[in-house]
Every structure is written in C-alpha cells, then in structure tokens.
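Report on one structure; see the data block that follows.
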Amino acid sequence: MHRVGIIANPVSARDIRRVIANAAALQISDRANIVLRVLACLKACGIDDVVMMPENGGIRGHIRRRLDCSHNRGETEFPKVAFLDMPVTGTVLDTLRAAQLMRKEKVSAIVVLGGDGTHRAVVSACGAVPIAGISTGTNNAFPEHREPTVTGLAIGLAVTGLVPPSVAYSANKRLVVEVNGAQDIALVDAAIVTECYVGARALWRTETFRELLVAFADPEAIGMSAIAGLLEPVGRGESGGLLVELAPENEAELTVQAPIAPGYIRPIGIAGWRRIGADIRYTPATRVGSIALDGEREISFSERDRVTIRLEENAFRTINVSACMAYAARHRLLQRAAMPELQRSVM
Amino acid sequence: MSKNPFPLSKQDLLKAYRTMRLIREFEERVHNEFAKGDIPGFVHLYAGEEASAAGIMMHLNDRDRIASTHRGHGHCIAKGVDVRDMMSEIYGKADGSCRGKGGSMHIADLSKGMMGANGILGAGAPLACGAALAARYRGDGGVGISFVGDGASNQGMFLESLNLAAVWNLPAIFVVENNGYAESTSRNYAVAVDSYVDRAAGFGLPGVTVDGTDFFAVYEAAGEIIKRAREGGGPALLECKMIRFFGHFEGDQQTYRGKGEVEDIRSNRDCIKAFVAKVIETGVIQRAEIEGIDKEAVTLIDEAVAHAKAAPPPAAKDLMTDVYVAY
C-alpha cells in the first residue's frame with residue numbers, strides 16, 4: 001500500500017504583490033479543486049490512502065464536502081483521505097509540522113500546493129521523502145507550471161513504481177543560509193537587501209538589492225532568480241549556481257530589465273556575476289540588512305551577526321513529472337487493451 | 001550604529017512607538033477602571049492590536065477619514081483624538097469627545113478625520129465609501145478607511161461596500177482586523193472561506209494579508225495601498241492577522257479560548273515588545289528614549305482618568321441636544 005501526503009497552503013499568494021504588481025490571488029476553492037483533481041489521479045493510479053495537512057482556511061471544508069457528495073452518489077473516484085492530527089496555527093509552523101509528521105509516517109511522496117515559500121518549508125522538514133510541487137503562489141520559480149492533473153498522474157506512476165525510481169525522481173540543489181550557526185534554506189535564490197526588517201516580506205524596492213545567489217537561473221522564471229536567469233542561465237540539474245552582485249541602477253554600468261514579480265519589470269543594476277561551486281561558504285559583503293529566501297525577506301542581520309551562504313547539491317528529491325509522463329507514454333503504462341470483441345486495429 | 005535601516009525616520013519611529021504605547025496604557029487602564037464599576041456601558045479593548053492602528057494611521061493626515069468599530073479606542077488614539085476627551089467620553093462626562101452622550105462605542109472627532117467608533121457591526125464600511133467619494137469630489141487626495149473585524153466582515157453592508165467601492169473606483173480602503181474571534185465565535189466555525197483576499201477578489205479588488213502583530217509589515221503594506229488609492233488607483237482590502245489580549249468585552253469570561261492562549265500571546269506575540277526589540281537591536285533608538293515615552297504615556301493616562309472622574313456629567317437640560325450633528 002502506498003500512502004501519499006498532501007500539503008496545501010491556504011495563505012500563499014496573499015502578500016503586497018497583489019497591489020504593487022497585480023499578482024494572482026488563487027482562490028481557496030480553486031486550491032481545493034486542484035487537490036480534488038490530484039486525488040482523482042492518485043486513485044486512478046491505484047493509490048487509496050492519502051493524508052493531508054489540516055488547515056482552517058477553507059480547503060479542508062471544501063474537500064470534505066466534495067468527498068461526501070461523491071460518496072453519497074456512490075462514486076469511487078477518490079481515495080480515502082485522512083487529516084493529520086495536529087494543532088492548526090495558520091502559520092508556516094503548520095507546514096513544517098505536517099511535513100515532519102508525513103516523513104515519520106513514511107509517506108511515499110508529498111504533494112505541495114503553494115509558492116516558493118511553501119515548498120521551501122516542506123523541503124526543510126521532509127528529509128528524503130520526494131516532493132511534487134504545484135504552483136499556487138506568487139512567483140513560483142521552484143514549482144513548475146502545468147495542469148495539476150498531469151502532476152497527479154505522474155505522482156501516482158512514480159510512487160507505485162510503474163515508473164522506475166531512476167527515471168521518476170530528480171535530485172535538486174538548494175542554498176543553505178547560516179546566521180550565527182542557525183540554518184535556513186532557499187530552493188531557488190537567496191538575496192541580500194539593505195532593508196533591515198522583514199516587514200511586508202516581498203522584494204520590490206530595487207535600490208535596496210545588493211547580492212544574489214541562485215541555485216538555478218531560468219530565463220523563463222520571475223522573481224529574483226529572473227535577474228540571474230537573464231544574465232547567465234543555470235539549469236536545475238546542472239552543477240553549481242550563480243552569484244550576482246547588484247547595485248543601485250544609477251551606479252551600475254549594466255542594467256537588466258527583469259520581471260522581479262508578476263507583471264513587475266524593473267531595471268536592476270548589475271555590478272558583476274560569476275559561477276559558484278557547491279559547498280563553498282560565501283560571506284555577504286553587506287553588513288546590515290535582510291536575507292530574502294526565495295523572494296521573501298526572512299532574516300534581518302547586523303554587523304554583529306555572522307552570515308554565510310553555500311550551495312548544496314543532491315539536497316532533496318522531486319518527482320520528475322516530464323520524465324514520468326514520457327516514460328508512461330513510451331511504455332504504454334496508461335494504455336489498456338479493450339475487450340476482444342471491441343478490439344480493432346489502431347493506426 | 002547611526003544608519004537607520006527602517007522605512008521611517010527616527011522621529012517617526014518614536015511617534016509610532018508613542019502611539020502604540022499610549023493605546024496600550026489607555027486600554028490597560030480602562031480595563032482596571034472598568035473592573036471598579038465606575039465606567040458606564042460596555043467597553044471593548046484594543047490591547048494587543050496596536051500595530052495595526054499605528055501602522056496604518058502613520059500614513060494618514062486629518063483630511064483622511066476613518067470609520068472605526070466597536071473596538072475603536074486604538075483607532076481614535078492613532079488618528080490623533082485627544083486621550084483626555086476620549087477618557088471623559090468613556091466615563092460619560094460633559095467634556096467628552098461627544099459630550100458624554102456616546103460612550104466608548106461612539107467616540108468621534110471630525111476635526112481629526114475620525115468619523116466615529118460604531119456599535120453596529122460592519123456599518124463603518126459604507127461610511128468610508130461616502131468619505132472616499134467626498135474626497136474624490138473635493139480632489140484633495142484624501143482616502144476613506146473602514147475598519148472591520150473578522151466577524152463583521154460577514155455582514156451584507158460590508159460586502160455591498162466592497163462592490164460599491166470597486167464600481168466607483170473610490171479611494172476607499174477596507175481593513176479587516178482579523179483577531180480570530182467574532183465575539184466568542186471562532187472564525188474557523190463562522191467563516192466558510194477564511195480568506196479576505198478571496199472576498200476582495202470576488203469584487204475585483206486587490207487584497208493583501210499581513211501579520212498584524214508586525215508594525216513594519218502593516219506599515220509597508222498600508223503605505224503602498226494608501227498611496228495607490230490617493231493616486232487614483234482605486235480601493236483595496238488589507239487583512240491584518242492579529243490577536244487581542246482581552247475578551248470581546250470587559251467582563252467576558254473567555255471560556256472559548258484555549259488554556260494558556262492569552263499568556264502565550266502576551267509573551268510571544270506582543271506587537272509592542274517586537275517593535276521595541278527591533279528598533280533597539282539596530283541601535284536607532286535607545287532604551288532610555290523608550291522608557292521616557294513609557295513614563296509620558298502613564299502620566300497622560302493618569303491625568304486623563306483623574307480629569308474624567310472629576311468632570312461633571314451632562315446636565316438634564318442637555319438631554320435633547322447633540323442628538324443630531326450637522327456635518
């Protein structure tokens with residue numbers, strides 16, 4: 001029996017970027033419907049045991065109502081769904097606690113609905129359990145964009161072993177930030193800005209940007225990693241990352257027009273950039289400011305604090321949806337022969 | 001360290017602290033005085049929620065109008081209403097903000113843009129729309145801000161106001177102060193979808209959620225939203241997730257709260273403690289400056305209470321005056 005965990009964050013995509021950048025605000029009912037689509041896919045792949053993070057934002061209520069309706073109508077479209085027995089705080093602590101409990105319960109994979117911040121929280125607590133990301137946040141540089149139905153099918157094919165692990169799972173890089181020995185992580189980028197407070201978290205005042213480290217740099221991404229992606233792309237599966245030294249626009253010899261939030265394209269001053277290798281500790285030149293992890297200010301620091309950042313490779317596993325679906329097509333995993341009397345030649 | 005890394009000047013940081021400390025001192029003192037039985041009517045205290053009022057009102061001036069709630073003392077103080085007038089009003093005295101006839105839930109001072117606390121849940125939202133419409137007609141760049149709790153946000157007039165503001169593209173801002181309880185009913189029970197951003201989106205408004213216990217989070221988000229509204233960018237909703245230290249009203253036994261909940265939030269989620277830790281850590285403000293403001297707040301509230309107790313109540317001959325106010 002395979003058990004799959006689902007962590008759906010009801011509070012991602014709620015920050016100031018709705019106002020400054022017209023970013024999306026995916027509704028609770030949309031998030032719940034995504035979960036229902038994934039549940040249907042898991043069931044179709046033979047998975048009948050799902051455990052979810054409880055939350056009080058409305059996703060759980062919506063799903064329960066839909067599951068009840070389906071049951072009342074005699075349908076067998078969905079697997080059994082249980083909610084973890086844990087307190088709900090409405091904060092990131094819920095995501096961390098749920099990921100820890102799912103790891104303890106030895107789930108085969110964790111499906112994550114959220115933005116970069118939610119994925120970061122899950123990765124920090126899930127250990128070796130592979131994750132499958134579904135983008136419901138603001139910038140979403142980490143989770144790939146595709147219809148969740150396809151992600152759901154790939155998860156089912158991966159965890160049931162229909163797609164072999166060597167194909168189904170990918171290794172990922174991450175950035176490890178240490179402040180006076182205390183660790184945090186970023187999945188895509190760690191930016192140093194001069195604002196010395198967490199505040200509204202998002203980054204949009206470009207004059208405060210100073211340093212940027214990225215685990216991968218995709219020119220199709222938005223957010224801070226877009227700056228690096230438009231300078232020198234670095235693949236997710238490629239060794240090493242990129243360090244970009246940033247400067248106020250009027251002091252820099254080069255600027256790059258980067259989409260640092262959805263629909264928010266600004267000139268970013270560039271002082272230089274270079275490739276960085278794994279496991280080399282980088283000490284920011286900025287002495288007072290904040291560290292933004294995957295686009296959100298998380299840690300403020302002063303001259304008294306010792307800050308280092310390093311790139312870690314093979315840090316966690318994700319389900320490779322493209323590879324799973326390609327394998328499934330190639331090996332006809334989702335094809336079924338019709339009854340003999342209905343069989344005909346398929347050209 | 002001399003460089004100020006905050007988005008406010010040192011002077012404004014001190015002003016923000018003074019506002020929050022004055023609200024806290026006011027509310028803690030009303031809590032104690034109410035227990036003695038000297039204060040008529042009901043009071044609903046704002047302690048624990050100061051970062052919201054201060055973070056928003058730092059961006060406003062007297063031409064901007066706010067419509068408050070039954071829990072309005074913090075909004076009044078942050079908007080600049082005199083604490084002595086407020087205390088007299090709460091005590092029902094003739095020299096109170098509303099000549100002693102309104103009490104805690106109706107404190108108003110139009111000269112400060114404070115249109116009033118409001119005993120009717122959700123009723124501030126249409127008032128803020130009216131103020132926003134007036135500001136647009138005047139062309140003075142003013143905004144109308146409505147405060148509402150998570151419980152009152154289920155009221156029809158609040159939702160109708162979101163629609164009206166969107167249709168007329170008013171410089172109106174709807175602040176949902178989400179402290180988790182509608183009186184004694186948890187939002188987990190009474191709100192089908194606990195996202196005010198979703199609700200705003202349903203009317204075509206942008207919505208933002210912030211940690212309402214973090215002054216800087218509220219200040220930054222409110223600043224962008226208010227600036228946008230002043231410039232003609234239209235209405236928006238701001239949800240401040242926050243906590244209240246006291247019960248719904250004074251005398252509330254709070255049996256609906258978890259064991260140790262109040263102690264925990266007082267210890268770990270006090271917005272004033274967090275603010276002080278931050279500004280002192282960076283060296284921008286010294287401990288002595290904080291202590292000076294603390295003493296100043298105690299003195300102001302001592303004086304306000306002593307004055308209110310000694311002040312005369314309204315005379316019988318004034319019973320029928322001030323019933324209607326000409327704007």
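How things are named: the first chain in the structure tokens is A, the next is B, and so on; residues count from 1 in each chain; ligands count from 1 in the order shown.
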Sorted by chain and rising residue number, list the residues of chain A at most 6 Å from chain B (counting only C-alpha atoms), each with its closest atom pair and distance in Å to one decimal, as JSON lines.
```
{"residue": "A:Arg14", "atom": "CA", "partner": "B:Val208", "partner_atom": "CA", "distance": 5.3}
{"residue": "A:Asp15", "atom": "CA", "partner": "B:Val208", "partner_atom": "CA", "distance": 5.0}
{"residue": "A:Ile16", "atom": "CA", "partner": "B:Val208", "partner_atom": "CA", "distance": 5.5}
{"residue": "A:Arg18", "atom": "CA", "partner": "B:Pro206", "partner_atom": "CA", "distance": 5.6}
{"residue": "A:Val19", "atom": "CA", "partner": "B:Pro206", "partner_atom": "CA", "distance": 5.9}
{"residue": "A:Gln27", "atom": "CA", "partner": "B:Asp198", "partner_atom": "CA", "distance": 5.5}
{"residue": "A:Asn56", "atom": "CA", "partner": "B:Asn188", "partner_atom": "CA", "distance": 5.8}
{"residue": "A:Gly57", "atom": "CA", "partner": "B:Asp194", "partner_atom": "CA", "distance": 4.6}
{"residue": "A:Gly58", "atom": "CA", "partner": "B:Val193", "partner_atom": "CA", "distance": 4.6}
{"residue": "A:Glu195", "atom": "CA", "partner": "B:Pro5", "partner_atom": "CA", "distance": 5.6}
{"residue": "A:Cys196", "atom": "CA", "partner": "B:Pro5", "partner_atom": "CA", "distance": 5.3}
{"residue": "A:Gly199", "atom": "CA", "partner": "B:Ala217", "partner_atom": "CA", "distance": 3.6}
{"residue": "A:Ala200", "atom": "CA", "partner": "B:Ala217", "partner_atom": "CA", "distance": 4.2}
```
Check the DSSP output for the backbone and give back, as a PyMOL selection string, the residues of segment 91-295 of chain B in helix (DSSP H, G or I).
-> chain B and resi 104-106+110-112+124-138+152-154+156-167+187-190+196-202+215-230+261-268+271-281+287-295
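Excluding Ala8 of chain A itself and any same-chain residue fewer than 3 positions from it, the protein and nucleic acid residues within 8 Å of it, counting only C-alpha atoms, are A:Arg31, A:Val35, A:Met52, A:Met53, A:Ile59, A:Val112, A:Leu113, A:Gly114.
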Spatial neighbours of segment 187-190 of chain A, 7 Å, only C-alpha atoms, chain gap at least 3 places, as a ChimeraX atom specification = /A:120,141-142,174-175,212-216,224-225,291-294
Generate the output file for the selected residues, C-alpha atoms, as a PDB file, in the first residue's frame.
```pdb
ATOM      1  CA  ARG A 120      10.880  25.735   0.960  1.00  0.00           C
ATOM      2  CA  ALA A 141      10.178  29.909  -9.576  1.00  0.00           C
ATOM      3  CA  PHE A 142      10.543  26.486  -7.962  1.00  0.00           C
ATOM      4  CA  ARG A 174      19.430  24.245  -2.530  1.00  0.00           C
ATOM      5  CA  LEU A 175      21.099  27.143  -0.780  1.00  0.00           C
ATOM      6  CA  LEU A 212      22.011  37.440  -5.083  1.00  0.00           C
ATOM      7  CA  LEU A 213      22.869  33.748  -5.036  1.00  0.00           C
ATOM      8  CA  VAL A 214      20.853  31.295  -7.076  1.00  0.00           C
ATOM      9  CA  ALA A 215      20.750  27.512  -7.119  1.00  0.00           C
ATOM     10  CA  PHE A 216      19.423  27.646 -10.653  1.00  0.00           C
ATOM     11  CA  MET A 224      14.884  37.420  -8.065  1.00  0.00           C
ATOM     12  CA  SER A 225      16.200  34.389  -9.937  1.00  0.00           C
ATOM     13  CA  ILE A 291      18.227  37.945   3.715  1.00  0.00           C
ATOM     14  CA  ALA A 292      15.349  37.174   1.394  1.00  0.00           C
ATOM     15  CA  LEU A 293      14.855  33.476   0.824  1.00  0.00           C
ATOM     16  CA  ASP A 294      13.094  32.638  -2.426  1.00  0.00           C
TER      17      ASP A 294
END
```
Computed interatomic separation between atom CA of Ile110 of chain A and atom CA of Ile131 of chain A (Å) = 4.7 Å
